[in-house]
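Undergrad: Structure file query-v2.csv, CSV, C-alpha atoms, is pasted below:
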chain,number,residue,atom,x,y,z
A,15,MET,CA,0.0,0.0,0.0
A,16,ARG,CA,1.3,3.5,-0.9
A,17,ASP,CA,2.0,6.0,1.9
A,18,SER,CA,-0.7,8.3,0.5
A,19,ASP,CA,-3.2,5.4,0.9
A,20,VAL,CA,-2.0,4.7,4.4
A,21,MET,CA,-2.4,8.4,5.3
A,22,ARG,CA,-5.9,8.6,3.9
A,23,ASP,CA,-7.0,5.4,5.7
A,24,LEU,CA,-5.4,6.5,8.9
A,25,VAL,CA,-7.1,10.0,8.9
A,26,ASN,CA,-10.4,8.3,8.1
A,27,GLU,CA,-9.9,5.9,11.0
A,28,ILE,CA,-9.0,8.7,13.4
A,29,ARG,CA,-12.1,10.6,12.3
A,30,SER,CA,-14.2,7.4,12.9
A,31,LEU,CA,-12.7,6.8,16.3
A,32,ARG,CA,-13.7,10.3,17.4
A,33,THR,CA,-17.3,9.5,16.6
A,34,GLY,CA,-17.3,6.5,18.8
A,35,ALA,CA,-16.2,3.7,16.4
A,36,GLY,CA,-14.3,1.0,18.3
A,37,SER,CA,-11.9,-0.6,15.8
A,38,ALA,CA,-8.6,0.8,14.5
A,39,PRO,CA,-7.0,-1.9,12.2
A,40,VAL,CA,-4.6,0.6,10.5
A,41,LEU,CA,-3.4,2.0,13.8
A,42,GLU,CA,-3.0,-1.4,15.4
A,43,ALA,CA,-1.0,-2.6,12.4
A,44,LEU,CA,1.3,0.5,12.5
A,45,LEU,CA,1.9,-0.1,16.2
A,46,ALA,CA,3.1,-3.7,15.4
A,47,GLY,CA,0.0,-5.3,16.9
A,48,ARG,CA,0.7,-4.2,20.5
A,49,ALA,CA,-2.7,-4.1,22.0
A,50,SER,CA,-1.8,-1.8,24.9
A,51,ALA,CA,-0.1,0.8,22.7
A,52,ALA,CA,-3.0,0.8,20.3
A,53,ALA,CA,-5.5,1.2,23.2
A,54,GLU,CA,-3.5,4.2,24.5
A,55,ALA,CA,-3.4,5.7,21.1
A,56,MET,CA,-7.1,5.2,20.6
A,57,ALA,CA,-7.9,6.8,23.9
A,58,ALA,CA,-5.7,9.8,23.1
A,59,VAL,CA,-7.4,10.2,19.7
A,60,ARG,CA,-10.9,10.2,21.4
A,61,GLU,CA,-9.8,12.7,24.1
A,62,ALA,CA,-8.0,15.1,21.7
A,63,ALA,CA,-9.6,18.6,21.5
A,64,SER,CA,-9.6,18.6,17.7
A,65,LEU,CA,-9.1,16.3,14.7
A,66,GLU,CA,-5.7,17.9,13.9
A,67,TYR,CA,-4.5,17.4,17.5
A,68,ALA,CA,-5.7,13.8,17.3
A,69,ILE,CA,-3.7,13.3,14.1
A,70,PHE,CA,-0.6,14.8,15.9
A,71,GLU,CA,-1.1,12.4,18.8
A,72,VAL,CA,-0.9,9.5,16.4
A,73,GLY,CA,2.2,10.9,14.7
A,74,ALA,CA,3.9,11.4,18.1
A,75,ARG,CA,3.4,7.8,19.0
A,76,LEU,CA,4.6,6.5,15.6
A,77,TRP,CA,7.7,8.7,15.7
A,78,SER,CA,9.1,6.4,18.5
A,79,GLU,CA,8.4,3.2,16.5
A,80,ASP,CA,11.3,1.7,14.6
A,81,GLY,CA,10.9,2.1,10.9
A,82,GLN,CA,7.9,4.4,11.1
A,83,GLU,CA,9.8,7.7,11.2
A,84,LEU,CA,9.0,8.7,7.6
A,85,LEU,CA,5.3,8.0,8.1
A,86,ALA,CA,5.3,9.9,11.4
A,87,LEU,CA,6.9,12.8,9.5
A,88,GLU,CA,4.0,12.9,7.0
A,89,ILE,CA,1.5,12.6,9.8
A,90,PHE,CA,3.0,15.6,11.5
A,91,ARG,CA,2.9,17.4,8.1
A,92,GLU,CA,-0.8,16.6,7.7
A,93,ALA,CA,-1.7,17.7,11.2
A,94,ALA,CA,0.3,20.9,10.7
A,95,ARG,CA,-1.5,21.5,7.4
A,96,ARG,CA,-4.8,21.3,9.3
A,97,GLY,CA,-3.6,23.9,11.8
A,98,SER,CA,-1.9,22.0,14.6
A,99,ARG,CA,1.0,24.2,16.0
A,100,GLU,CA,2.1,21.3,18.1
A,101,ALA,CA,2.5,19.2,14.9
A,102,GLU,CA,4.3,22.0,13.2
A,103,ALA,CA,6.9,22.2,15.9
A,104,ALA,CA,7.3,18.5,16.0
A,105,LEU,CA,7.7,18.4,12.2
A,106,GLY,CA,10.5,21.0,12.5
A,107,ASP,CA,12.2,19.0,15.3
A,108,ALA,CA,12.0,15.8,13.2
A,109,LEU,CA,13.3,17.4,10.1
A,110,VAL,CA,16.3,18.8,12.0
A,111,TRP,CA,16.9,15.3,13.5
A,112,MET,CA,17.0,13.9,10.0
A,113,GLY,CA,19.3,16.6,8.7
A,114,ALA,CA,16.7,18.1,6.3
A,115,TYR,CA,17.7,21.6,7.3
A,116,GLU,CA,16.2,23.5,4.4
A,117,ASP,CA,12.8,22.0,4.9
A,118,ALA,CA,13.1,22.5,8.6
A,119,ILE,CA,13.8,26.2,8.3
A,120,THR,CA,10.6,26.8,6.4
A,121,VAL,CA,8.5,25.0,9.0
A,122,LEU,CA,10.3,26.5,12.0
A,123,GLN,CA,10.1,30.1,10.6
A,124,SER,CA,6.3,29.6,10.5
A,125,SER,CA,6.3,28.3,14.1
A,126,ARG,CA,8.4,31.2,15.2
A,127,ALA,CA,6.1,33.7,13.5
A,128,SER,CA,3.0,32.2,15.1
A,129,ARG,CA,4.5,32.8,18.6
A,130,LYS,CA,2.8,29.7,19.8
A,131,GLY,CA,4.3,26.6,21.4
A,132,ASP,CA,7.7,26.2,22.9
A,133,GLN,CA,9.5,29.2,21.4
A,134,ALA,CA,12.9,28.5,23.0
A,135,LYS,CA,12.9,25.1,21.4
A,136,VAL,CA,11.8,26.5,18.0
A,137,SER,CA,14.4,29.2,18.2
A,138,GLY,CA,17.2,26.7,19.0
A,139,LEU,CA,16.1,24.4,16.2
A,140,LEU,CA,15.9,27.2,13.7
A,141,GLY,CA,19.3,28.6,14.7
A,142,LYS,CA,20.8,25.1,14.5
A,143,SER,CA,19.4,24.6,11.0
A,144,LEU,CA,20.6,28.0,9.7
A,145,PHE,CA,24.1,27.4,11.3
A,146,ALA,CA,24.3,24.0,9.7
A,147,LEU,CA,23.8,25.6,6.3
A,148,GLY,CA,26.6,28.1,6.9
A,149,ASP,CA,24.8,31.1,8.4
A,150,GLN,CA,27.0,32.6,11.1
A,151,SER,CA,25.2,35.9,11.5
A,152,ALA,CA,24.4,37.7,14.7
A,153,ALA,CA,20.8,36.8,14.2
A,154,VAL,CA,21.6,33.0,14.2
A,155,GLU,CA,23.8,33.5,17.3
A,156,GLU,CA,20.8,35.1,19.1
A,157,LEU,CA,18.5,32.2,18.0
A,158,LEU,CA,20.9,29.7,19.5
A,159,ARG,CA,21.4,31.8,22.6
A,160,GLU,CA,17.6,31.7,23.1
A,161,GLY,CA,17.4,28.0,22.6
A,162,ALA,CA,20.4,27.2,24.8
A,163,ALA,CA,19.0,29.3,27.7
A,164,GLU,CA,16.5,26.6,28.2
A,165,TYR,CA,17.9,23.5,26.4
A,166,GLU,CA,21.4,22.3,26.8
A,167,GLU,CA,21.1,20.5,23.4
A,168,PHE,CA,21.7,23.8,21.7
A,169,GLY,CA,24.7,24.7,23.8
A,170,LEU,CA,27.3,23.2,21.6
A,171,ASP,CA,26.1,24.9,18.5
A,172,HIS,CA,25.9,28.1,20.5
A,173,ALA,CA,29.5,27.8,21.6
A,174,MET,CA,30.6,26.9,18.0
A,175,ILE,CA,29.0,30.0,16.5
A,176,LEU,CA,30.5,32.2,19.2
A,177,LEU,CA,33.9,30.8,18.2
A,178,HIS,CA,33.2,31.5,14.5
A,179,ARG,CA,32.3,35.1,15.5
A,180,GLY,CA,35.4,35.6,17.6
A,181,SER,CA,33.9,35.4,21.1
A,182,GLN,CA,36.3,32.7,22.3
A,183,GLY,CA,36.1,33.6,26.0
A,184,GLU,CA,32.3,33.3,26.1
A,185,ALA,CA,32.5,30.1,24.1
A,186,VAL,CA,35.0,28.5,26.6
A,187,THR,CA,32.7,29.5,29.5
A,188,ILE,CA,29.8,27.8,27.9
A,189,LEU,CA,31.9,24.7,27.0
A,190,ARG,CA,33.1,24.3,30.5
A,191,ALA,CA,29.6,24.3,31.8
A,192,LEU,CA,28.5,21.8,29.1
A,193,THR,CA,31.4,19.6,29.8
A,194,GLU,CA,30.6,19.5,33.5
A,195,SER,CA,27.0,18.5,32.6
A,196,GLY,CA,28.3,15.7,30.3
A,197,VAL,CA,27.0,17.1,27.0
A,198,PHE,CA,28.6,14.9,24.4
A,199,GLY,CA,31.1,16.6,22.1
A,200,SER,CA,31.6,19.6,24.4
A,201,ALA,CA,34.7,18.2,26.2
A,202,LEU,CA,36.4,17.5,22.9
A,203,LEU,CA,35.9,21.0,21.6
A,204,LEU,CA,36.9,22.5,24.9
A,205,GLY,CA,40.1,20.4,25.0
A,206,ASN,CA,41.0,21.4,21.4
A,207,ILE,CA,40.6,25.1,22.2
A,208,LEU,CA,42.6,24.9,25.4
A,209,ASP,CA,45.4,22.9,23.8
A,210,ASP,CA,45.6,24.6,20.4
A,211,ASP,CA,44.7,28.2,21.1
A,212,LEU,CA,45.2,28.9,24.8
A,213,ASP,CA,48.3,26.8,25.5
A,214,ASP,CA,46.6,25.2,28.5
A,215,SER,CA,47.9,21.6,28.3
A,216,GLU,CA,46.7,20.6,31.8
A,217,GLY,CA,43.2,22.0,31.2
A,218,ALA,CA,43.0,20.2,27.9
A,219,GLN,CA,44.0,16.9,29.5
A,220,THR,CA,41.2,17.3,32.0
A,221,ALA,CA,38.7,18.2,29.3
A,222,TYR,CA,39.7,15.1,27.2
A,223,MET,CA,39.4,12.9,30.2
A,224,LYS,CA,35.9,14.1,30.8
A,225,GLY,CA,35.2,13.4,27.1
A,226,ILE,CA,36.4,9.9,27.5
A,227,GLN,CA,34.1,9.4,30.4
A,228,SER,CA,31.2,10.6,28.2
A,229,GLY,CA,32.1,8.0,25.6
A,230,ASP,CA,33.9,10.2,23.1
A,231,ALA,CA,36.6,8.2,21.3
A,232,HIS,CA,38.0,11.3,19.6
A,233,SER,CA,38.8,12.7,23.1
A,234,ALA,CA,40.9,9.6,23.8
A,235,TYR,CA,42.7,10.0,20.4
A,236,ASN,CA,43.4,13.7,21.0
A,237,LEU,CA,44.7,13.0,24.5
A,238,ALA,CA,47.1,10.4,23.0
A,239,VAL,CA,48.3,13.1,20.5
A,240,LEU,CA,48.8,15.6,23.3
A,241,HIS,CA,50.9,13.2,25.4
A,242,TYR,CA,53.0,12.2,22.4
A,243,ARG,CA,53.7,15.8,21.6
A,244,HIS,CA,55.0,16.2,25.2
A,245,ASP,CA,57.2,13.1,24.8
A,246,ARG,CA,55.1,11.0,27.1
A,247,VAL,CA,55.1,8.0,24.8
A,248,ALA,CA,53.8,5.4,27.3
A,249,GLU,CA,50.8,7.6,28.1
A,250,ALA,CA,50.3,8.2,24.4
A,251,ARG,CA,50.3,4.5,23.7
A,252,HIS,CA,47.8,3.9,26.5
A,253,TYR,CA,45.3,6.5,25.3
A,254,LEU,CA,45.7,5.5,21.7
A,255,ALA,CA,44.7,1.9,22.7
A,256,VAL,CA,41.7,3.4,24.6
A,257,ALA,CA,40.7,5.3,21.5
A,258,ARG,CA,41.0,2.2,19.4
A,259,ARG,CA,38.8,0.2,21.8
A,260,MET,CA,36.2,3.0,21.8
A,261,GLY,CA,36.1,3.1,18.0
A,262,ASP,CA,38.4,5.9,16.8
A,263,LEU,CA,40.6,4.3,14.0
A,264,SER,CA,42.4,7.5,12.9
A,265,GLU,CA,45.9,6.9,11.7
A,266,PHE,CA,48.8,7.6,14.1
A,267,PRO,CA,51.8,6.6,12.0
A,268,ASP,CA,54.3,7.1,14.9
A,269,LEU,CA,52.6,4.7,17.3
A,270,ASP,CA,50.6,2.3,15.1
A,271,PRO,CA,52.3,-1.0,14.6
Now that the file is in, can you turn its structure into structure tokens?
TA:
Amino acid sequence: MRDSDVMRDLVNEIRSLRTGAGSAPVLEALLAGRASAAAEAMAAVREAASLEYAIFEVGARLWSEDGQELLALEIFREAARRGSREAEAALGDALVWMGAYEDAITVLQSSRASRKGDQAKVSGLLGKSLFALGDQSAAVEELLREGAAEYEEFGLDHAMILLHRGSQGEAVTILRALTESGVFGSALLLGNILDDDLDDSEGAQTAYMKGIQSGDAHSAYNLAVLHYRHDRVAEARHYLAVARRMGDLSEFPDLDP
């Protein structure tokens, strides 16, 4: 069955459920036959304040189902077309997650213009999308700042655009806080800045160690490089082995067998 047919049948089924019909074969099939999940979805559909919000509720449940992400995306799009601001925001979030930044920007700009929903999240997602496509303007910096004020997930992008715009001190302050919170990728970037730009080898080592603790194999590799550069060959070999076990297979000609 084509996706358009599934969508048509699903919307008709949702409409029927809201009038009291008790069966939902399409929804049950999409939820892999799990009776409890289908029952919860059916209850949410019946209790939703509007048809578009009911459609959004179904999309939100399917988004977490393996293999149903693309269909969930289209369900969000359908609910947003019908006026659901919640679905519009979810659609923008999903598009960013999938790396479809150009499509996400259009959706998120509409969400931001409406001033409804979680504006900090919308601002962060919009800033992230624009930055990913090369926009390093002050406006994008402000969007990321707004998002990061409430959501740590935008903190790394905020720090990166600050670096691009020459605000190294503010970026380092943000990265230190993110590293302490265990935000993945922040320790690696902090270590690189401390080692390469600020000549703080000890601080870089501490940052890389925290990166290793967060599961970042690149932090282990960079720590090996740092030790080797300071003629600590035994330590370099140790952390190169750690990097290899964690999955970083970058070449290291001086130490690789």
Undergrad: So which one's closest to A:Leu85, A:Ala108, A:Leu45, A:Met21, A:Ala250? Using only C-alpha atoms, please.
TA: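 Smallest distance to A:Leu85 is found for A:Met21.
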Undergrad: List the neighbours of stretch 177-180 of chain A out to 10 Å using all atoms listed in the file; skip same-chain residues closer than 3 positions along the sequence, and give me the result as an mmCIF file with C-alpha atoms, in the coordinates of the input.
TA:
data_model
loop_
_atom_site.group_PDB
_atom_site.id
_atom_site.type_symbol
_atom_site.label_atom_id
_atom_site.label_comp_id
_atom_site.auth_asym_id
_atom_site.auth_seq_id
_atom_site.Cartn_x
_atom_site.Cartn_y
_atom_site.Cartn_z
ATOM 1 C CA GLN A 150 27.000 32.600 11.100
ATOM 2 C CA SER A 151 25.200 35.900 11.500
ATOM 3 C CA ALA A 152 24.400 37.700 14.700
ATOM 4 C CA GLU A 155 23.800 33.500 17.300
ATOM 5 C CA ASP A 171 26.100 24.900 18.500
ATOM 6 C CA HIS A 172 25.900 28.100 20.500
ATOM 7 C CA ALA A 173 29.500 27.800 21.600
ATOM 8 C CA MET A 174 30.600 26.900 18.000
ATOM 9 C CA GLY A 183 36.100 33.600 26.000
ATOM 10 C CA GLU A 184 32.300 33.300 26.100
ATOM 11 C CA ALA A 185 32.500 30.100 24.100
ATOM 12 C CA VAL A 186 35.000 28.500 26.600
ATOM 13 C CA ILE A 207 40.600 25.100 22.200
#
Undergrad: Give me the residues within 10 Å of A:Leu157 as a ChimeraX atom specification, counting all atoms listed in the file and dropping any in the same chain fewer than 5 places off.
TA: /A:134-142,144-145,152,162,168,172
Undergrad: Have a look at atom CA of A:Ala46 and atom CA of A:Arg75 and let me know their distance in Å, one decimal.
TA: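 Interatomic distance here is 12.1 Å.
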Undergrad: Between A:Arg95, A:Ala51, A:Glu61, A:Ala221, which is the closest to A:Ser78 once you count all atoms listed in the file?
TA: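 Closest to A:Ser78 of all the choices is A:Ala51.
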Undergrad: What's the separation between atom CA of A:Ser98 and atom CA of A:Phe70, in Å to one decimal place?
TA: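 Separating atom CA of A:Ser98 from atom CA of A:Phe70 is a distance of 7.4 Å.
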Undergrad: Between atom CA of A:Ser30 and atom CA of A:Leu87, what is the distance, to one decimal in Å?
TA: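 These atoms are spaced 22.0 Å apart.
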